[in-house]
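Here is the structure we will look at.
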Amino acid sequence: MTRTALQDHSIVLIGLMGAGKTTVGRRLATAMERPFADADHEIERAAGRTVSDIFEDFGEAAFRDGERRVIARLLDEPPMVLALGGGAFVDPQTRALVKERAISIWLQADVATLAARVGRRDTRPLLREGDPAVILERLLETRQPAYAEADIHIDASAGTHQATAEAILAALQARETDA
């Protein structure tokens with residue numbers, strides 16, 4: 001029996017904050033009977049401090065450097081479902097690594113939906129600088145070209161997290177069938 005790309009590769013979820021990468025990722029991992037990892041959580045564990053503290057104390061460039069190393073380590077592990085932080089896939093080195101070792105899925109959502117979702121908690125360092133909707137719009141504009149390089153695009157703005165996970169499973173199955 002030959003192994004498929006889906007069996008051999010991690011599934012990496014990308015998109016702006018609030019798209020549901022962590023929650024959908026957990027559901028997807030359960031459905032696929034794979035481990036789940038959240039890159040931001042793994043960065044916090046490795047650094048012994050929160051993402052917000054890293055941003056505040058060392059700046060975004062230092063955070064992205066650590067993020068790149070943690071993601072590379074995670075992609076060396078057996079196949080999993082991995083949720084990346086919103087800016088991770090924008091980094092050319094991280095994007096190349098994901099393309100080489102994983103199947104990337106862009107969870108797309110409109111800015112109004114994202115702003116409503118992220119407004120529930122004050123844990124997003126990039127949103128502390130002004131109106132979250134304006135910041136998210138700007139982030140989407142700058143990150144969209146990188147996100148568009150994802151292998152699969154899924155609309156995550158409507159429906160439940162479970163519905164989004166099911167849409168991902170259907171897209172992955174269709175990709176395997178077409179391969």
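Residues are named by chain letter and number: chains run A, B, ... in the order of the structure tokens, numbers start at 1 in each chain, and ligands are numbered from 1 in the order shown.
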Handout entry: Residue neighbourhood range 8-11 of chain A, 8 Å, only C-alpha atoms, exclusion window fewer than 2 positions, as a ChimeraX atom specification
Key = /A:3-6,13,75,78-82,101-105
Practice task
Write out as a ChimeraX atom specification the residues lying within 10 Å of Asp40 in chain A, counting only C-alpha atoms and excluding same-chain residues fewer than 3 positions away.
Solution key: /A:22,37,43-46,50-51,67,70-71,83-86,88
For the residues in the current selection, export all heavy atoms as an mmCIF file, in the first residue's frame.
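Result went into again16.cif, see below:
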```
data_model
loop_
_atom_site.group_PDB
_atom_site.id
_atom_site.type_symbol
_atom_site.label_atom_id
_atom_site.label_comp_id
_atom_site.auth_asym_id
_atom_site.auth_seq_id
_atom_site.Cartn_x
_atom_site.Cartn_y
_atom_site.Cartn_z
ATOM 1 N N THR A 22 -6.819 27.918 16.024
ATOM 2 C CA THR A 22 -6.617 27.040 17.181
ATOM 3 C C THR A 22 -7.838 26.163 17.438
ATOM 4 O O THR A 22 -7.716 24.939 17.580
ATOM 5 C CB THR A 22 -6.255 27.867 18.427
ATOM 6 O OG1 THR A 22 -5.043 28.572 18.160
ATOM 7 C CG2 THR A 22 -6.071 26.977 19.643
ATOM 8 N N ALA A 37 -0.905 21.095 17.621
ATOM 9 C CA ALA A 37 0.004 22.054 18.256
ATOM 10 C C ALA A 37 -0.367 23.455 17.796
ATOM 11 O O ALA A 37 -0.753 23.661 16.637
ATOM 12 C CB ALA A 37 1.455 21.746 17.912
ATOM 13 N N ILE A 43 5.778 28.516 21.316
ATOM 14 C CA ILE A 43 6.757 29.595 21.467
ATOM 15 C C ILE A 43 6.789 30.049 22.926
ATOM 16 O O ILE A 43 7.866 30.229 23.509
ATOM 17 C CB ILE A 43 6.420 30.772 20.529
ATOM 18 C CG1 ILE A 43 6.640 30.357 19.074
ATOM 19 C CG2 ILE A 43 7.222 32.024 20.878
ATOM 20 C CD1 ILE A 43 5.942 31.240 18.066
ATOM 21 N N GLU A 44 5.596 30.215 23.513
ATOM 22 C CA GLU A 44 5.528 30.625 24.913
ATOM 23 C C GLU A 44 6.183 29.594 25.825
ATOM 24 O O GLU A 44 6.907 29.957 26.766
ATOM 25 C CB GLU A 44 4.071 30.837 25.328
ATOM 26 C CG GLU A 44 3.452 32.071 24.698
ATOM 27 C CD GLU A 44 1.987 32.265 25.037
ATOM 28 O OE1 GLU A 44 1.325 31.293 25.465
ATOM 29 O OE2 GLU A 44 1.511 33.402 24.878
ATOM 30 N N ARG A 45 5.958 28.334 25.526
ATOM 31 C CA ARG A 45 6.563 27.266 26.328
ATOM 32 C C ARG A 45 8.087 27.290 26.211
ATOM 33 O O ARG A 45 8.801 27.186 27.210
ATOM 34 C CB ARG A 45 6.019 25.918 25.862
ATOM 35 C CG ARG A 45 5.755 24.951 26.971
ATOM 36 C CD ARG A 45 4.897 23.787 26.543
ATOM 37 N NE ARG A 45 5.295 23.190 25.293
ATOM 38 C CZ ARG A 45 5.807 21.980 25.167
ATOM 39 N NH1 ARG A 45 5.955 21.223 26.227
ATOM 40 N NH2 ARG A 45 6.133 21.498 23.999
ATOM 41 N N ALA A 46 8.571 27.455 24.984
ATOM 42 C CA ALA A 46 10.023 27.468 24.754
ATOM 43 C C ALA A 46 10.679 28.692 25.391
ATOM 44 O O ALA A 46 11.782 28.599 25.940
ATOM 45 C CB ALA A 46 10.316 27.430 23.247
ATOM 46 N N THR A 50 4.985 34.998 27.714
ATOM 47 C CA THR A 50 3.886 35.114 26.765
ATOM 48 C C THR A 50 4.334 35.794 25.473
ATOM 49 O O THR A 50 5.345 36.515 25.444
ATOM 50 C CB THR A 50 2.722 35.936 27.355
ATOM 51 O OG1 THR A 50 3.153 37.287 27.519
ATOM 52 C CG2 THR A 50 2.237 35.350 28.685
ATOM 53 N N VAL A 51 3.547 35.580 24.425
ATOM 54 C CA VAL A 51 3.806 36.255 23.156
ATOM 55 C C VAL A 51 3.799 37.766 23.373
ATOM 56 O O VAL A 51 4.671 38.479 22.873
ATOM 57 C CB VAL A 51 2.763 35.834 22.088
ATOM 58 C CG1 VAL A 51 2.832 36.730 20.858
ATOM 59 C CG2 VAL A 51 2.955 34.368 21.693
ATOM 60 N N GLU A 67 9.859 32.319 16.500
ATOM 61 C CA GLU A 67 8.724 31.637 15.874
ATOM 62 C C GLU A 67 9.203 30.725 14.739
ATOM 63 O O GLU A 67 8.782 29.573 14.631
ATOM 64 C CB GLU A 67 7.757 32.697 15.346
ATOM 65 C CG GLU A 67 6.552 32.165 14.604
ATOM 66 C CD GLU A 67 5.689 33.300 14.098
ATOM 67 O OE1 GLU A 67 6.178 34.145 13.299
ATOM 68 O OE2 GLU A 67 4.518 33.350 14.502
ATOM 69 N N VAL A 70 10.834 27.571 16.174
ATOM 70 C CA VAL A 70 9.861 26.657 16.785
ATOM 71 C C VAL A 70 9.064 25.935 15.699
ATOM 72 O O VAL A 70 8.850 24.722 15.786
ATOM 73 C CB VAL A 70 8.935 27.414 17.766
ATOM 74 C CG1 VAL A 70 7.745 26.556 18.176
ATOM 75 C CG2 VAL A 70 9.724 27.838 19.005
ATOM 76 N N ILE A 71 8.627 26.649 14.678
ATOM 77 C CA ILE A 71 7.853 26.027 13.599
ATOM 78 C C ILE A 71 8.699 24.980 12.871
ATOM 79 O O ILE A 71 8.215 23.886 12.558
ATOM 80 C CB ILE A 71 7.294 27.090 12.635
ATOM 81 C CG1 ILE A 71 6.219 27.905 13.356
ATOM 82 C CG2 ILE A 71 6.744 26.449 11.354
ATOM 83 C CD1 ILE A 71 5.793 29.167 12.633
ATOM 84 N N ALA A 83 -1.443 24.990 14.113
ATOM 85 C CA ALA A 83 -1.991 26.334 13.921
ATOM 86 C C ALA A 83 -0.848 27.337 14.052
ATOM 87 O O ALA A 83 -0.147 27.345 15.070
ATOM 88 C CB ALA A 83 -3.067 26.621 14.961
ATOM 89 N N LEU A 84 -0.661 28.148 13.021
ATOM 90 C CA LEU A 84 0.379 29.170 13.060
ATOM 91 C C LEU A 84 -0.198 30.494 13.520
ATOM 92 O O LEU A 84 -1.377 30.773 13.307
ATOM 93 C CB LEU A 84 0.994 29.379 11.668
ATOM 94 C CG LEU A 84 1.725 28.220 11.026
ATOM 95 C CD1 LEU A 84 2.446 28.702 9.770
ATOM 96 C CD2 LEU A 84 2.705 27.565 11.978
ATOM 97 N N GLY A 85 0.651 31.314 14.099
ATOM 98 C CA GLY A 85 0.262 32.679 14.406
ATOM 99 C C GLY A 85 0.004 33.422 13.102
ATOM 100 O O GLY A 85 0.506 33.036 12.038
ATOM 101 N N GLY A 86 -0.771 34.495 13.172
ATOM 102 C CA GLY A 86 -1.210 35.203 11.977
ATOM 103 C C GLY A 86 -0.111 35.685 11.054
ATOM 104 O O GLY A 86 -0.281 35.728 9.844
ATOM 105 N N ALA A 88 3.088 34.355 10.848
ATOM 106 C CA ALA A 88 4.143 33.370 10.606
ATOM 107 C C ALA A 88 4.333 33.040 9.130
ATOM 108 O O ALA A 88 5.458 32.984 8.630
ATOM 109 C CB ALA A 88 3.858 32.089 11.398
#
```
Problem - Polymer residues at most 8 Å from Val111 in chain A, only C-alpha atoms, same-chain spacing of 5 or more positions, as a PyMOL selection string - result: chain A and resi 133+136-137
Generate a file of the selected residues that holds C-alpha atoms, formatted as a compact mmCIF listing (two decimals), in the first residue's frame.
```
# COMPACT_ATOMS: atom_id res chain seq x y z
CA ALA A 133 -10.99 46.59 12.48
CA LEU A 136 -7.01 43.88 10.78
CA GLU A 137 -7.83 45.48 7.42
```
Problem - Within 10 Å of Gly20 in chain A using only C-alpha atoms, minus same-chain residues under 2 positions, as a PyMOL selection string - result: chain A and resi 13-18+22-26+83+107-109+114+117-118+156-157+160-161+164-165
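Note that CA of Ile168 in chain A and CA of Ile154 in chain A are 6.8 Å apart.
Using only C-alpha atoms, the shortest contact distance between Glu149 in chain A and any of A:Phe89, A:Phe63, A:Ala31, A:Arg69 is found at A:Phe89.
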Practice task
Pull the alpha helix (DSSP H) assignments for chain A out of DSSP run on the backbone, and list those residues as a ChimeraX atom specification.
Solution key: /A:5-8,21-32,39-47,51-58,60-75,92-101,111-118,132-147,161-178
Handout entry: Among listed residues A:Glu60, A:Leu139, A:Trp106, A:Pro92, nearest Ala167 in chain A (using only C-alpha atoms)
Key = A:Trp106
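Closest approach to Ala29 in chain A among A:Thr113, A:Gln173, A:Gln162, A:Gln93: A:Gln162, based on only C-alpha atoms.
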Let's see if you can do this: from backbone DSSP, list all strand (DSSP E or B) residues in range 57-129 of chain A, as a PDB file with C-alpha atoms, in the first residue's frame.
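In the end it all went to states_20.pdb:
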```pdb
ATOM      1  CA  VAL A  81      -2.276  19.658  12.768  1.00  0.00           C
ATOM      2  CA  LEU A  82      -0.421  22.903  13.448  1.00  0.00           C
ATOM      3  CA  ALA A  83      -1.991  26.334  13.921  1.00  0.00           C
ATOM      4  CA  ALA A 102       3.176  20.385   5.029  1.00  0.00           C
ATOM      5  CA  ILE A 103      -0.181  21.074   3.443  1.00  0.00           C
ATOM      6  CA  SER A 104      -1.167  24.674   4.177  1.00  0.00           C
ATOM      7  CA  ILE A 105      -4.748  25.807   4.654  1.00  0.00           C
ATOM      8  CA  TRP A 106      -5.756  29.468   4.711  1.00  0.00           C
ATOM      9  CA  LEU A 107      -8.738  30.089   6.959  1.00  0.00           C
ATOM     10  CA  GLN A 108     -10.285  33.169   5.380  1.00  0.00           C
TER      11      GLN A 108
END
```
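The space between CA of Arg64 in chain A and CA of Asp91 in chain A spans 7.9 Å.
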